[in-house]
$ cat upload.txt   # compact mmCIF, C-alpha atoms
# COMPACT_ATOMS: atom_id res chain seq x y z
CA MET A 1337 13.70 26.08 2.24
CA ARG A 1338 16.83 23.93 2.01
CA ILE A 1339 16.36 20.67 3.89
CA GLY A 1340 19.21 18.25 4.51
CA VAL A 1341 18.40 14.56 4.96
CA PHE A 1342 20.86 11.81 5.80
CA ASP A 1343 21.10 8.08 6.43
CA SER A 1344 23.59 5.23 6.20
CA GLY A 1345 22.42 4.42 2.68
CA ILE A 1346 19.28 4.36 0.56
CA GLY A 1347 16.87 3.84 3.48
CA GLY A 1348 16.57 7.53 4.25
CA LEU A 1349 15.31 8.05 0.71
CA THR A 1350 11.98 6.66 1.98
CA VAL A 1351 11.85 9.67 4.33
CA LEU A 1352 12.90 12.02 1.54
CA HIS A 1353 10.10 10.58 -0.59
CA GLU A 1354 7.55 11.39 2.14
CA LEU A 1355 8.97 14.91 2.50
CA ILE A 1356 8.72 15.56 -1.23
CA LYS A 1357 5.10 14.34 -1.29
CA LYS A 1358 4.10 16.83 1.41
CA TYR A 1359 6.47 19.65 0.50
CA PRO A 1360 7.07 19.34 -3.26
CA ASP A 1361 8.42 22.87 -3.73
CA ASN A 1362 11.50 22.82 -1.52
CA GLU A 1363 15.20 22.22 -2.01
CA TYR A 1364 16.53 18.91 -0.66
CA ILE A 1365 20.09 17.75 -0.06
CA TYR A 1366 20.33 14.03 0.64
CA TYR A 1367 23.41 12.21 1.90
CA GLY A 1368 23.68 8.42 2.04
CA ASP A 1369 26.82 7.14 3.72
CA THR A 1370 27.04 3.98 1.65
CA ALA A 1371 30.80 3.67 2.17
CA ASN A 1372 30.22 2.99 5.87
CA ILE A 1373 27.02 0.97 5.83
CA PRO A 1374 25.67 -0.69 7.93
CA TYR A 1375 25.37 1.70 10.88
CA GLY A 1376 23.44 -0.78 13.00
CA THR A 1377 26.51 -2.69 14.16
CA LYS A 1378 28.85 0.27 14.75
CA THR A 1379 29.82 1.69 18.14
CA LYS A 1380 28.28 4.89 19.44
CA GLU A 1381 31.65 6.65 19.03
CA GLU A 1382 31.87 5.56 15.39
CA LEU A 1383 28.31 6.73 14.77
CA ALA A 1384 29.04 10.11 16.36
CA ASN A 1385 32.09 10.67 14.13
CA LEU A 1386 30.19 9.73 10.98
CA ALA A 1387 27.17 11.88 11.87
CA ASP A 1388 29.42 14.85 12.65
CA LYS A 1389 31.02 14.76 9.20
CA ILE A 1390 27.69 14.45 7.41
CA ILE A 1391 25.96 17.20 9.38
CA LYS A 1392 28.87 19.56 8.71
CA PHE A 1393 28.68 18.67 5.02
CA LEU A 1394 24.95 19.43 4.91
CA ILE A 1395 25.54 22.72 6.70
CA SER A 1396 28.20 23.57 4.10
CA LYS A 1397 25.46 23.03 1.50
CA ASP A 1398 23.35 25.68 3.31
CA ALA A 1399 20.82 23.29 4.86
CA GLU A 1400 18.39 25.24 7.06
CA LEU A 1401 16.87 22.08 8.56
CA ILE A 1402 18.48 18.66 8.93
CA VAL A 1403 16.48 15.45 9.14
CA ILE A 1404 18.17 12.43 10.70
CA ALA A 1405 16.53 9.83 8.45
CA CYS A 1406 18.26 7.00 10.30
CA GLY A 1407 16.81 5.08 13.20
CA THR A 1408 20.24 4.12 14.53
CA ILE A 1409 21.55 7.70 14.71
CA SER A 1410 18.19 8.94 16.02
CA SER A 1411 18.07 6.40 18.84
CA ASN A 1412 21.70 6.71 19.94
CA LEU A 1413 22.69 10.33 19.33
CA TYR A 1414 19.72 12.66 18.88
CA ASP A 1415 19.78 14.14 22.38
CA GLU A 1416 23.50 14.81 22.06
CA ILE A 1417 23.47 16.48 18.63
CA LYS A 1418 20.10 18.22 18.32
CA ASP A 1419 21.40 21.53 19.73
CA LYS A 1420 25.07 21.19 18.81
CA TYR A 1421 25.34 22.69 15.34
CA GLY A 1422 23.33 25.92 15.29
CA VAL A 1423 20.78 24.52 12.83
CA LYS A 1424 17.47 22.84 13.56
CA ILE A 1425 17.83 19.05 13.61
CA VAL A 1426 14.92 16.60 13.81
CA ASP A 1427 14.90 12.82 14.13
CA VAL A 1428 12.54 10.03 13.08
CA LEU A 1429 12.09 8.29 16.42
CA SER A 1430 10.61 11.15 18.48
CA PRO A 1431 7.54 11.72 16.25
CA THR A 1432 7.06 7.94 16.02
CA ILE A 1433 7.03 7.58 19.79
CA ASN A 1434 4.62 10.53 20.05
CA TYR A 1435 2.33 8.91 17.47
CA ILE A 1436 2.24 5.69 19.49
CA LYS A 1437 1.47 7.61 22.69
CA GLN A 1438 -1.22 9.78 21.10
CA ASN A 1439 -2.99 6.76 19.68
CA ASN A 1440 -2.59 4.84 22.94
CA LEU A 1441 -1.09 1.88 21.13
CA LYS A 1442 -0.08 -1.09 23.25
CA ASN A 1443 1.89 -4.29 22.69
CA VAL A 1444 4.09 -2.60 20.11
CA GLY A 1445 6.63 -4.58 18.10
CA ILE A 1446 9.84 -2.91 16.96
CA MET A 1447 11.89 -4.10 13.99
CA ALA A 1448 15.20 -2.24 14.05
CA THR A 1449 18.97 -2.45 13.80
CA PRO A 1450 20.98 -4.00 16.65
CA MET A 1451 22.18 -0.59 17.90
CA THR A 1452 18.65 0.84 17.93
CA ILE A 1453 17.41 -2.13 19.94
CA LYS A 1454 20.44 -1.89 22.25
CA SER A 1455 19.68 1.80 22.95
CA ARG A 1456 16.27 0.82 24.40
CA THR A 1457 14.97 4.22 23.27
CA PHE A 1458 11.46 2.93 22.64
CA GLU A 1459 11.36 1.14 26.00
CA LYS A 1460 12.35 4.36 27.80
CA HIS A 1461 9.21 6.09 26.54
CA LEU A 1462 6.70 3.30 26.02
CA SER A 1463 5.35 0.29 27.84
CA SER A 1464 4.58 -3.10 26.28
CA VAL A 1465 7.35 -2.97 23.71
CA ILE A 1466 8.94 -6.01 22.06
CA GLY A 1467 12.13 -5.14 20.18
CA VAL A 1468 13.72 -7.41 17.59
CA ALA A 1469 17.16 -6.73 16.15
CA CYS A 1470 17.25 -7.36 12.40
CA PRO A 1471 20.93 -7.29 11.37
CA LYS A 1472 20.43 -9.11 8.07
CA LEU A 1473 17.96 -6.67 6.50
CA VAL A 1474 19.95 -3.51 5.71
CA PRO A 1475 22.80 -5.27 3.83
CA LEU A 1476 20.30 -7.31 1.82
CA ILE A 1477 18.07 -4.31 1.05
CA GLU A 1478 21.06 -2.24 -0.09
CA LYS A 1479 21.86 -4.91 -2.68
CA GLY A 1480 18.45 -4.31 -4.22
CA GLU A 1481 17.94 -8.05 -4.67
CA PHE A 1482 14.54 -8.93 -3.25
CA ASN A 1483 15.21 -12.64 -3.27
CA GLN A 1484 14.46 -15.66 -1.11
CA GLU A 1485 17.28 -14.85 1.27
CA LEU A 1486 15.65 -11.51 2.06
CA GLU A 1487 12.22 -13.09 2.42
CA ASP A 1488 13.60 -15.71 4.79
CA ALA A 1489 15.19 -13.00 6.94
CA VAL A 1490 11.94 -11.03 7.10
CA LYS A 1491 10.01 -14.17 8.08
CA GLU A 1492 12.58 -14.99 10.76
CA TYR A 1493 12.16 -11.60 12.44
CA LEU A 1494 8.37 -11.51 12.07
CA GLN A 1495 8.14 -14.84 13.92
CA LYS A 1496 9.47 -13.08 17.01
CA LEU A 1497 6.74 -10.42 16.82
CA LYS A 1498 3.70 -12.69 16.65
CA GLY A 1499 0.94 -11.41 18.88
CA THR A 1500 1.93 -7.75 18.74
CA GLU A 1501 -0.77 -5.26 17.76
CA CYS A 1502 1.41 -3.13 15.50
CA ILE A 1503 4.99 -3.11 14.24
CA VAL A 1504 7.24 -0.06 14.02
CA LEU A 1505 9.56 -0.13 11.04
CA GLY A 1506 12.39 1.15 13.22
CA CYS A 1507 14.88 1.50 10.38
CA THR A 1508 14.12 3.67 7.36
CA HIS A 1509 15.27 0.88 5.04
CA TYR A 1510 12.39 -1.32 6.09
CA PRO A 1511 9.55 0.47 4.24
CA LEU A 1512 11.25 -0.81 1.10
CA VAL A 1513 10.25 -4.36 2.07
CA ILE A 1514 6.69 -3.62 3.17
CA PRO A 1515 5.29 -5.90 0.41
CA ILE A 1516 7.37 -8.78 1.77
CA ILE A 1517 6.35 -8.05 5.36
CA GLN A 1518 2.68 -7.92 4.40
CA LYS A 1519 3.05 -11.23 2.56
CA TYR A 1520 3.72 -12.94 5.88
CA SER A 1521 1.97 -10.72 8.43
CA ALA A 1522 -1.28 -8.76 8.66
CA ILE A 1523 -0.11 -6.74 11.68
CA PRO A 1524 -0.44 -2.96 11.03
CA LEU A 1525 2.86 -1.23 10.26
CA ILE A 1526 4.12 2.17 11.43
CA ASN A 1527 6.34 4.07 9.00
CA MET A 1528 8.64 6.50 10.84
CA GLY A 1529 9.02 8.72 7.79
CA LYS A 1530 5.27 9.29 7.66
CA CYS A 1531 5.15 9.98 11.40
CA LEU A 1532 7.84 12.62 10.96
CA VAL A 1533 6.28 14.32 7.96
CA ASP A 1534 2.84 14.41 9.58
CA THR A 1535 4.25 16.49 12.45
CA LEU A 1536 6.77 18.59 10.54
CA ASN A 1537 5.83 22.16 9.65
CA VAL A 1538 8.18 23.89 7.22
CA ASN A 1539 7.90 26.76 4.81
CA SER A 1540 7.41 25.83 1.18
CA GLY A 1541 9.65 27.16 -1.52
CA SER A 1542 8.89 27.83 -5.18
CA THR A 1543 10.40 24.89 -7.08
CA LEU A 1544 11.56 21.36 -6.36
CA HIS A 1545 15.32 20.85 -6.41
CA ILE A 1546 17.03 17.65 -5.26
CA GLU A 1547 20.73 17.00 -4.72
CA ILE A 1548 21.67 13.45 -3.81
CA TYR A 1549 25.12 12.46 -2.60
CA PHE A 1550 26.61 9.12 -1.60
CA SER A 1551 29.99 8.40 -0.04
CA SER A 1552 30.27 5.41 -2.37
CA LEU A 1553 28.36 5.04 -5.61
CA SER A 1554 27.31 2.03 -7.70
CA ASP A 1555 24.88 1.23 -10.49
CA GLU A 1556 22.64 -0.54 -7.95
CA ILE A 1557 22.46 2.59 -5.79
CA ILE A 1558 21.53 4.77 -8.76
CA THR A 1559 18.81 2.32 -9.84
CA ASN A 1560 17.42 1.99 -6.31
CA THR A 1561 17.49 5.75 -5.80
CA SER A 1562 15.56 6.42 -8.98
CA SER A 1563 12.91 3.84 -8.12
CA ILE A 1564 12.40 5.23 -4.60
CA ILE A 1565 12.33 8.94 -5.40
CA LYS A 1566 10.82 8.59 -8.88
CA GLU A 1567 12.10 12.06 -9.75
CA THR A 1568 15.74 12.82 -9.12
CA LYS A 1569 18.00 15.49 -10.52
CA GLY A 1570 21.75 15.39 -10.55
CA ILE A 1571 22.66 12.29 -8.57
CA GLN A 1572 26.23 12.94 -7.53
CA GLU A 1573 28.97 11.13 -5.66
CA ARG A 1574 30.64 12.95 -2.79
CA LYS A 1575 33.24 11.42 -0.49
CA LEU A 1576 33.81 12.93 2.93
$ encode --input "upload.txt" --output "structure tokens"
Amino acid sequence: MRIGVFDSGIGGLTVLHELIKKYPDNEYIYYGDTANIPYGTKTKEELANLADKIIKFLISKDAELIVIACGTISSNLYDEIKDKYGVKIVDVLSPTINYIKQNNLKNVGIMATPMTIKSRTFEKHLSSVIGVACPKLVPLIEKGEFNQELEDAVKEYLQKLKGTECIVLGCTHYPLVIPIIQKYSAIPLINMGKCLVDTLNVNSGSTLHIEIYFSSLSDEIITNTSSIIKETKGIQERKL
């Protein structure tokens, strides 16, 4: 099966990694829109235009299923685009919300981008939610420099979630800084990529094939991609 996965940058690779672990014999087409990152501070109209171009690109690559591996797009546009393109589209927020409901989790903290927090998607479906916008994280994570500036930003946002019983990593970039989060907090973390994969049921293929595209490419992106996926074939640059 050909599965398309997209995000604003390298964050969605954490979802791709989870998909490959569960379904190692499929074909994957990944698109990271690094030329337009970050998504978390863009308007809904801007997000819709960007998502439209990427989804059409993935369809042109014969994707049979498209995974929105972006919390910002999932929270702001999923209901509007899920039935628009004639191909099955799934998001990362819906299975995460279902996981929280099924496990009757309360006092849930949400770390996410400003636009995800602004959408109030979690609050519409859950009670006892504390959302914290984390605008500094995605740009710092994309640089691949896990330095004191990044640690200070993580600590700043965690301070606002003291007392919560669990924390949703509401942006797919954030699993990349789990070691830093756990350095300063023992609160259990919820990974949206894992929530998605645990509920997804797709047919397996015969061999693993990965195509990875970025709208802007750099040595840092290639290095980060390789470290996240561990096994990549044919990293390519594609501008829309």
$ residues_around --input "upload.txt" --residues "Val1403 in chain A" --least-positions-apart "6" --cutoff "8 Å" --atoms "only C-alpha atoms" --output "CSV table (one decimal) with C-alpha atoms, in the frame of the given file"
chain,number,residue,atom,x,y,z
A,1339,ILE,CA,16.4,20.7,3.9
A,1340,GLY,CA,19.2,18.2,4.5
A,1341,VAL,CA,18.4,14.6,5.0
A,1342,PHE,CA,20.9,11.8,5.8
A,1425,ILE,CA,17.8,19.0,13.6
A,1426,VAL,CA,14.9,16.6,13.8
A,1427,ASP,CA,14.9,12.8,14.1
A,1428,VAL,CA,12.5,10.0,13.1
$ residues_around --input "upload.txt" --residues "Asp1534 in chain A" --least-positions-apart "2" --cutoff "10 Å" --atoms "all atoms listed in the file" --output "PyMOL selection string"
chain A and resi 1354-1355+1358+1431+1435+1528-1532+1536-1537
$ closest_atom_pairs --input "upload.txt" --of "range 1503-1537 of chain A" --to "range 1445-1463 of chain A" --cutoff "10 Å" --atoms "all atoms listed in the file" --output "JSON lines"
{"residue": "A:Ile1503", "atom": "CA", "partner": "A:Gly1445", "partner_atom": "CA", "distance": 4.4}
{"residue": "A:Val1504", "atom": "CA", "partner": "A:Ile1446", "partner_atom": "CA", "distance": 4.9}
{"residue": "A:Leu1505", "atom": "CA", "partner": "A:Met1447", "partner_atom": "CA", "distance": 5.5}
{"residue": "A:Gly1506", "atom": "CA", "partner": "A:Ala1448", "partner_atom": "CA", "distance": 4.5}
{"residue": "A:Cys1507", "atom": "CA", "partner": "A:Ala1448", "partner_atom": "CA", "distance": 5.2}
{"residue": "A:Thr1508", "atom": "CA", "partner": "A:Ala1448", "partner_atom": "CA", "distance": 9.0}
{"residue": "A:His1509", "atom": "CA", "partner": "A:Ala1448", "partner_atom": "CA", "distance": 9.5}
{"residue": "A:Tyr1510", "atom": "CA", "partner": "A:Met1447", "partner_atom": "CA", "distance": 8.4}
{"residue": "A:Ile1523", "atom": "CA", "partner": "A:Gly1445", "partner_atom": "CA", "distance": 9.6}
{"residue": "A:Leu1525", "atom": "CA", "partner": "A:Gly1445", "partner_atom": "CA", "distance": 9.3}
{"residue": "A:Ile1526", "atom": "CA", "partner": "A:Ile1446", "partner_atom": "CA", "distance": 9.4}
$ closest_residue --input "upload.txt" --among "A:Leu1473, A:Asn1560, A:Ser1430, A:Lys1380" --to "Leu1413 in chain A" --atoms "all atoms listed in the file"
A:Lys1380
$ atom_distance --input "upload.txt" --atom1 "CA of Phe1393 in chain A" --atom2 "CA of Ser1563 in chain A"
25.3 Å
$ residues_near_point --input "upload.txt" --point "(6.2, 13.1, -2.2)" --cutoff "12 Å" --atoms "all atoms listed in the file" --output "list in words"
Leu1349, Thr1350, Val1351, Leu1352, His1353, Glu1354, Leu1355, Ile1356, Lys1357, Lys1358, Tyr1359, Pro1360, Asp1361, Asn1362, Tyr1364, Gly1529, Lys1530, Val1533, Leu1544, Ile1564, Ile1565, Lys1566, Glu1567 and Thr1568 of chain A
$ residues_around --input "upload.txt" --residues "Asn1440 in chain A" --least-positions-apart "3" --cutoff "12 Å" --atoms "all atoms listed in the file" --output "ChimeraX atom specification"
/A:1433-1437,1443-1444,1462-1464,1501-1502
$ atom_distance --input "upload.txt" --atom1 "CA of Glu1381 in chain A" --atom2 "CA of Ile1404 in chain A"
16.9 Å
$ atom_distance --input "upload.txt" --atom1 "CA of Asn1412 in chain A" --atom2 "CA of Tyr1366 in chain A"
20.7 Å
$ decode --input "upload.txt" --residues "range 1338-1397 of chain A" --atoms "C-alpha atoms" --output "PDB file, in the first residue's frame"
ATOM      1  CA  ARG A1338       1.236   3.507  -0.820  1.00  0.00           C
ATOM      2  CA  ILE A1339       0.879   5.790   2.188  1.00  0.00           C
ATOM      3  CA  GLY A1340       1.444   9.534   1.983  1.00  0.00           C
ATOM      4  CA  VAL A1341       2.547  11.378   5.120  1.00  0.00           C
ATOM      5  CA  PHE A1342       3.039  15.116   5.466  1.00  0.00           C
ATOM      6  CA  ASP A1343       4.033  17.802   7.942  1.00  0.00           C
ATOM      7  CA  SER A1344       5.533  21.279   8.042  1.00  0.00           C
ATOM      8  CA  GLY A1345       9.018  19.822   8.441  1.00  0.00           C
ATOM      9  CA  ILE A1346      10.839  16.928  10.091  1.00  0.00           C
ATOM     10  CA  GLY A1347       8.296  16.462  12.905  1.00  0.00           C
ATOM     11  CA  GLY A1348       6.045  14.198  10.866  1.00  0.00           C
ATOM     12  CA  LEU A1349       8.988  11.843  10.444  1.00  0.00           C
ATOM     13  CA  THR A1350       8.265  10.726  14.022  1.00  0.00           C
ATOM     14  CA  VAL A1351       4.872   9.522  12.759  1.00  0.00           C
ATOM     15  CA  LEU A1352       6.465   7.921   9.709  1.00  0.00           C
ATOM     16  CA  HIS A1353       8.875   6.128  12.028  1.00  0.00           C
ATOM     17  CA  GLU A1354       5.955   4.671  14.009  1.00  0.00           C
ATOM     18  CA  LEU A1355       4.220   3.619  10.782  1.00  0.00           C
ATOM     19  CA  ILE A1356       7.323   1.845   9.513  1.00  0.00           C
ATOM     20  CA  LYS A1357       7.728  -0.005  12.822  1.00  0.00           C
ATOM     21  CA  LYS A1358       4.193  -1.406  12.605  1.00  0.00           C
ATOM     22  CA  TYR A1359       3.949  -1.755   8.827  1.00  0.00           C
ATOM     23  CA  PRO A1360       7.510  -2.328   7.595  1.00  0.00           C
ATOM     24  CA  ASP A1361       6.524  -3.698   4.183  1.00  0.00           C
ATOM     25  CA  ASN A1362       4.679  -0.755   2.677  1.00  0.00           C
ATOM     26  CA  GLU A1363       5.532   2.117   0.362  1.00  0.00           C
ATOM     27  CA  TYR A1364       5.746   5.552   1.999  1.00  0.00           C
ATOM     28  CA  ILE A1365       5.840   9.009   0.460  1.00  0.00           C
ATOM     29  CA  TYR A1366       6.766  11.713   2.948  1.00  0.00           C
ATOM     30  CA  TYR A1367       6.520  15.449   2.364  1.00  0.00           C
ATOM     31  CA  GLY A1368       7.982  18.038   4.726  1.00  0.00           C
ATOM     32  CA  ASP A1369       7.136  21.621   3.846  1.00  0.00           C
ATOM     33  CA  THR A1370      10.347  23.076   5.234  1.00  0.00           C
ATOM     34  CA  ALA A1371      10.165  26.128   2.965  1.00  0.00           C
ATOM     35  CA  ASN A1372       7.059  27.315   4.822  1.00  0.00           C
ATOM     36  CA  ILE A1373       7.805  26.260   8.386  1.00  0.00           C
ATOM     37  CA  PRO A1374       6.530  26.997  10.997  1.00  0.00           C
ATOM     38  CA  TYR A1375       2.843  26.243  10.423  1.00  0.00           C
ATOM     39  CA  GLY A1376       1.865  27.071  13.989  1.00  0.00           C
ATOM     40  CA  THR A1377       1.750  30.823  13.435  1.00  0.00           C
ATOM     41  CA  LYS A1378       0.077  30.858  10.009  1.00  0.00           C
ATOM     42  CA  THR A1379      -3.545  31.759   9.306  1.00  0.00           C
ATOM     43  CA  LYS A1380      -6.130  29.086   8.604  1.00  0.00           C
ATOM     44  CA  GLU A1381      -6.345  30.271   4.981  1.00  0.00           C
ATOM     45  CA  GLU A1382      -2.581  29.951   4.565  1.00  0.00           C
ATOM     46  CA  LEU A1383      -2.658  26.473   6.087  1.00  0.00           C
ATOM     47  CA  ALA A1384      -5.484  25.408   3.765  1.00  0.00           C
ATOM     48  CA  ASN A1385      -3.562  26.536   0.667  1.00  0.00           C
ATOM     49  CA  LEU A1386      -0.394  24.747   1.762  1.00  0.00           C
ATOM     50  CA  ALA A1387      -2.224  21.537   2.671  1.00  0.00           C
ATOM     51  CA  ASP A1388      -4.075  21.555  -0.649  1.00  0.00           C
ATOM     52  CA  LYS A1389      -0.838  21.660  -2.642  1.00  0.00           C
ATOM     53  CA  ILE A1390       0.771  18.895  -0.607  1.00  0.00           C
ATOM     54  CA  ILE A1391      -2.240  16.578  -0.692  1.00  0.00           C
ATOM     55  CA  LYS A1392      -2.490  16.983  -4.467  1.00  0.00           C
ATOM     56  CA  PHE A1393       1.222  16.219  -4.748  1.00  0.00           C
ATOM     57  CA  LEU A1394       0.843  13.041  -2.686  1.00  0.00           C
ATOM     58  CA  ILE A1395      -2.132  11.994  -4.797  1.00  0.00           C
ATOM     59  CA  SER A1396      -0.010  12.549  -7.919  1.00  0.00           C
ATOM     60  CA  LYS A1397       2.454  10.087  -6.362  1.00  0.00           C
TER      61      LYS A1397
END
